[in-house]
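**Q** For reference, the structure I am asking about is given below.
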Amino acid sequence: MSITPQMIKELRDETGAGFMDCKQALEQAGGDMEEARKILRQKGAVIATKRASKEVNQGVIAGKVSADGRTGVLIDLRCETDFVARNEEFLALAEELLQAVEAFGQEGQLETLLQQPAPSDSSLTLEKRIELVMGKTGERVALQNYAIARVPEGANGVVDVYIHHNKMVGVMVVLTGSADTETLRQLAHEVAIQIAWSTPTYISKDEIPQEELQKELEIEKQRALNEGKPEQVAENIARGRVQKGYIQKVALLEQPYYRDESKTIGALLKEKGADITVQRFVRLEVGSA
């Protein structure tokens, strides 16, 4: 059977694979379109196997918020090079994965998620859909991580997703309180930007494990003693350094607000409403574990 330009175009439009890949698949399949599709999928699987050990230190963080503003989704999609990270096919995959994660609705089940049907083609699992993109790009592609955040049932609140302009960092924040939705939304966005650059570990200082604080106090006390300070003075210095150094670094509410360092994030929230609370935040970054 002769392979016509129309057949190649149809296969390209359907799969997004390159001209020569489609032509060769059709030739190998003797013009059978279904068989050609299988060949292209198999090519992706072969590339996935060959590149399984390759490091994926490039990619994008992508996110979205549901129409009602109460659910957010964040994904960390990786590849090998910055070139592929900017590829339209790769970015389209990221958008498709966001849809799939939102529909799946469960956290901490990456392997199960990857077996769900792909929104663009329900005959493919997400895993196979990713393999197809590997076949087109020639690189390993991996969904490294994902997160879903929701406003607690019955609570007044919002979810905000902030993606840094380089698409390498993304933050999701859940904020609740009796303030109006627009106030909460704007405040959640400010908090998300703060988290993007300040990388806190905890929401408040009360969440920091006591053994962690004690370890930092001992380190700072020893540093003060090494500087020649007396025992009692060294203890006071250590407490001050841990508060201004360590606690402000790891506890979001203790951090100086990036737009006005005279106030903390905790003070900023209280200005807008005494009951406004950060329920949860998630920060994902390409290149981190």
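Every chain in the structure tokens has a letter given in the order shown (A, B, ...), and although residue numbers restart at 1 in each chain, ligands are simply numbered from 1 in the order shown.
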Find the residues of stretch 231-289 of chain A that sit at most 9 Å from stretch 184-193 of chain A; for each, write down the nearest two atoms and how far apart they are in Å, to one decimal. Count only C-alpha atoms. Sort by chain, then by number going up, and give it as JSON lines.

**A**
{"residue": "A:Leu252", "atom": "CA", "partner": "A:Val191", "partner_atom": "CA", "distance": 8.8}
{"residue": "A:Tyr257", "atom": "CA", "partner": "A:Val191", "partner_atom": "CA", "distance": 8.6}
{"residue": "A:Tyr258", "atom": "CA", "partner": "A:Ile193", "partner_atom": "CA", "distance": 8.6}
{"residue": "A:Ile265", "atom": "CA", "partner": "A:Val191", "partner_atom": "CA", "distance": 7.5}
{"residue": "A:Leu268", "atom": "CA", "partner": "A:Leu187", "partner_atom": "CA", "distance": 8.7}
{"residue": "A:Leu269", "atom": "CA", "partner": "A:Leu187", "partner_atom": "CA", "distance": 7.7}
{"residue": "A:Lys272", "atom": "CA", "partner": "A:Leu187", "partner_atom": "CA", "distance": 8.3}
{"residue": "A:Ile276", "atom": "CA", "partner": "A:Leu184", "partner_atom": "CA", "distance": 8.2}
{"residue": "A:Val278", "atom": "CA", "partner": "A:Ala188", "partner_atom": "CA", "distance": 8.3}
{"residue": "A:Phe281", "atom": "CA", "partner": "A:Ala192", "partner_atom": "CA", "distance": 8.0}
{"residue": "A:Arg283", "atom": "CA", "partner": "A:Ala192", "partner_atom": "CA", "distance": 8.8}

**Q** What does the file look like for those residues with N, CA and C atoms, as a short mmCIF file (atom, residue, chain, number, x, y, z; two decimals), in the first residue's frame?

**A**
data_model
loop_
_atom_site.label_atom_id
_atom_site.label_comp_id
_atom_site.auth_asym_id
_atom_site.auth_seq_id
_atom_site.Cartn_x
_atom_site.Cartn_y
_atom_site.Cartn_z
N LEU A 252 7.12 30.62 58.37
CA LEU A 252 6.51 31.62 57.49
C LEU A 252 5.99 32.84 58.24
N TYR A 257 7.83 40.56 55.85
CA TYR A 257 7.07 40.64 54.61
C TYR A 257 7.95 41.24 53.52
N TYR A 258 7.99 40.62 52.36
CA TYR A 258 8.93 41.04 51.32
C TYR A 258 8.69 42.45 50.81
N ILE A 265 4.91 38.38 58.24
CA ILE A 265 3.77 37.82 57.53
C ILE A 265 2.61 37.62 58.51
N LEU A 268 0.93 40.90 58.93
CA LEU A 268 0.19 41.23 57.70
C LEU A 268 -1.18 40.55 57.71
N LEU A 269 -1.22 39.28 58.08
CA LEU A 269 -2.49 38.56 58.12
C LEU A 269 -3.45 39.19 59.14
N LYS A 272 -5.46 42.23 58.09
CA LYS A 272 -6.59 41.99 57.19
C LYS A 272 -7.74 41.26 57.88
N ILE A 276 -7.72 35.27 60.09
CA ILE A 276 -7.16 34.78 58.83
C ILE A 276 -5.99 33.84 59.14
N VAL A 278 -3.23 30.71 57.59
CA VAL A 278 -2.64 29.88 56.54
C VAL A 278 -2.83 28.43 56.96
N PHE A 281 0.62 25.23 52.93
CA PHE A 281 1.29 25.68 51.72
C PHE A 281 2.12 24.54 51.15
N ARG A 283 5.33 24.10 48.24
CA ARG A 283 6.28 24.75 47.35
C ARG A 283 7.05 23.68 46.58
#

**Q** Just the residues within 9 Å of A:Ser288, please, counting only C-alpha atoms, with nothing from its chain fewer than 3 positions along; format it as an NGL selection string.

**A** :A and (57 or 284-285)

**Q** If you keep N, CA and C atoms, can you produce a file of those selected residues as an mmCIF file, in the first residue's frame?

**A**
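Generated output (selection_39.cif):
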data_model
loop_
_atom_site.group_PDB
_atom_site.id
_atom_site.type_symbol
_atom_site.label_atom_id
_atom_site.label_comp_id
_atom_site.auth_asym_id
_atom_site.auth_seq_id
_atom_site.Cartn_x
_atom_site.Cartn_y
_atom_site.Cartn_z
ATOM 1 N N ASN A 57 16.829 17.266 35.375
ATOM 2 C CA ASN A 57 17.028 18.447 36.211
ATOM 3 C C ASN A 57 16.450 19.714 35.602
ATOM 4 N N LEU A 284 6.983 23.750 45.243
ATOM 5 C CA LEU A 284 7.712 22.824 44.391
ATOM 6 C C LEU A 284 8.713 23.597 43.556
ATOM 7 N N GLU A 285 9.882 22.986 43.345
ATOM 8 C CA GLU A 285 10.939 23.648 42.580
ATOM 9 C C GLU A 285 11.652 22.623 41.703
#

**Q** Neighbouring residues of A:Glu153 were defined as those with any atom within 12 Å, considering only C-alpha atoms; residues of the same chain fewer than 3 positions away were excluded. Please report them as a PyMOL selection string.

**A** chain A and resi 70-71+149-150+156-158+176

**Q** Assign secondary structure with DSSP using the backbone only, and return the residues of stretch 14-240 of chain A in strand (DSSP E) as a PyMOL selection string.

**A** chain A and resi 58-65+71-79+117-118+121-125+142-150+157-163+169-176

**Q** Could you tell me how far atom CA of A:Val56 lies from atom CA of A:Gln99, in Å and to one decimal?

**A**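 Value for the atom CA of A:Val56-atom CA of A:Gln99 distance: 22.5 Å.
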
**Q** So which one's closest to A:Gly273, A:Val233, A:Ala179, A:Ala67, A:Ala118? Using only C-alpha atoms, please.

**A**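 Looking only at the distances to A:Gly273, the closest residue turns out to be A:Ala179.
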
**Q** Which polymer residues have any atom within 12 Å of an atom of A:Ile75, counting only C-alpha atoms, with same-chain residues fewer than 2 positions away left out, as a ChimeraX atom specification?

**A** /A:59-64,72-73,77-78,91,93-102,107,110,142-149,161,163,167-172,282-286

**Q** Env of A:Leu124: 12 Å cut, atoms = only C-alpha atoms, seq-sep filter 6 positions within chain, self excluded. Answer as a PDB file with C-alpha atoms, in the first residue's frame.

**A**
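Generated output (around04.pdb):
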ATOM      1  CA  THR A  15       0.011  12.003  17.490  1.00  0.00           C
ATOM      2  CA  ARG A  37       0.008   4.379  16.116  1.00  0.00           C
ATOM      3  CA  LYS A  38       1.228   1.367  18.079  1.00  0.00           C
ATOM      4  CA  ARG A  41       3.876   4.422  21.103  1.00  0.00           C
ATOM      5  CA  LEU A 114       0.007   7.384  36.116  1.00  0.00           C
ATOM      6  CA  GLN A 115      -2.345   4.506  35.323  1.00  0.00           C
ATOM      7  CA  GLN A 116      -5.320   6.852  34.885  1.00  0.00           C
ATOM      8  CA  PRO A 117      -6.600   7.579  31.339  1.00  0.00           C
ATOM      9  CA  ALA A 118      -5.055  10.537  29.538  1.00  0.00           C
ATOM     10  CA  ILE A 130       4.307  10.577  28.794  1.00  0.00           C
ATOM     11  CA  GLU A 131       6.158   7.867  26.864  1.00  0.00           C
ATOM     12  CA  LEU A 132       4.689   9.231  23.642  1.00  0.00           C
TER      13      LEU A 132
END

**Q** Which is closer to A:Asp32 than all the others in A:Met20, A:Ile8, A:Ile219, A:Val133, using only C-alpha atoms?

**A**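 Of all the options, A:Ile8 lies closest to A:Asp32.
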
**Q** What is the distance, in Å and to one decimal place, between atom CA of A:Thr201 and atom CA of A:Gln214?

**A**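 Separating atom CA of A:Thr201 from atom CA of A:Gln214 is a distance of 16.9 Å.
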
**Q** Pick from A:Gln42, A:Gln255, A:Asn166, A:Ser120: nearest to A:Ile203, with only C-alpha atoms counted?

**A**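 Nearest to A:Ile203: A:Gln255.
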
**Q** How many Å lie between atom CA of A:Arg241 and atom CA of A:Glu216, rounded to one decimal?

**A**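 Separating atom CA of A:Arg241 from atom CA of A:Glu216 is a distance of 9.2 Å.
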
**Q** Taking the DSSP secondary structure from the backbone, can you list the residues of stretch 124-173 of chain A that are helix (DSSP H, G or I), as a VMD selection string?

**A** chain A and resid 126 to 137

**Q** Limited to N, CA and C atoms, could you put the picked residues into a file as a short mmCIF file (atom, residue, chain, number, x, y, z; two decimals), in the first residue's frame?

**A**
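To be explicit, this is the file written out as out.cif:
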data_model
loop_
_atom_site.label_atom_id
_atom_site.label_comp_id
_atom_site.auth_asym_id
_atom_site.auth_seq_id
_atom_site.Cartn_x
_atom_site.Cartn_y
_atom_site.Cartn_z
N LEU A 126 -1.79 7.77 31.47
CA LEU A 126 -0.89 8.92 31.56
C LEU A 126 0.56 8.49 31.36
N GLU A 127 0.89 7.31 31.87
CA GLU A 127 2.24 6.79 31.70
C GLU A 127 2.58 6.63 30.22
N LYS A 128 1.65 6.07 29.45
CA LYS A 128 1.87 5.90 28.01
C LYS A 128 1.88 7.24 27.29
N ARG A 129 1.06 8.15 27.77
CA ARG A 129 1.03 9.51 27.18
C ARG A 129 2.40 10.18 27.36
N ILE A 130 2.98 10.02 28.53
CA ILE A 130 4.31 10.58 28.79
C ILE A 130 5.34 9.91 27.89
N GLU A 131 5.23 8.59 27.74
CA GLU A 131 6.16 7.87 26.86
C GLU A 131 6.07 8.36 25.42
N LEU A 132 4.87 8.71 24.99
CA LEU A 132 4.69 9.23 23.64
C LEU A 132 5.44 10.55 23.47
N VAL A 133 5.41 11.38 24.50
CA VAL A 133 6.16 12.64 24.44
C VAL A 133 7.66 12.37 24.46
N MET A 134 8.09 11.34 25.18
CA MET A 134 9.50 10.95 25.15
C MET A 134 9.91 10.58 23.73
N GLY A 135 9.03 9.85 23.05
CA GLY A 135 9.34 9.45 21.68
C GLY A 135 9.49 10.63 20.76
N LYS A 136 8.72 11.67 21.00
CA LYS A 136 8.78 12.87 20.14
C LYS A 136 9.97 13.75 20.47
N THR A 137 10.33 13.82 21.75
CA THR A 137 11.41 14.72 22.15
C THR A 137 12.77 14.04 22.21
#

**Q** Do a neighbour search on A:Ile247 at 12 Å with only C-alpha atoms, toss out local chain neighbours closer than 6 positions, and write the hits as a list in words.

**A**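 My reading of the contact set: Pro200, Thr201, Tyr202, Ile203, Ser204, Lys205, Asp206, Glu207, Ile208, Pro209, Gln210, Glu212, Leu213, Gln214, Glu216, Leu217, Arg239, Gly240, Arg241, Leu253, Glu254, Gln255 and Pro256 of chain A.
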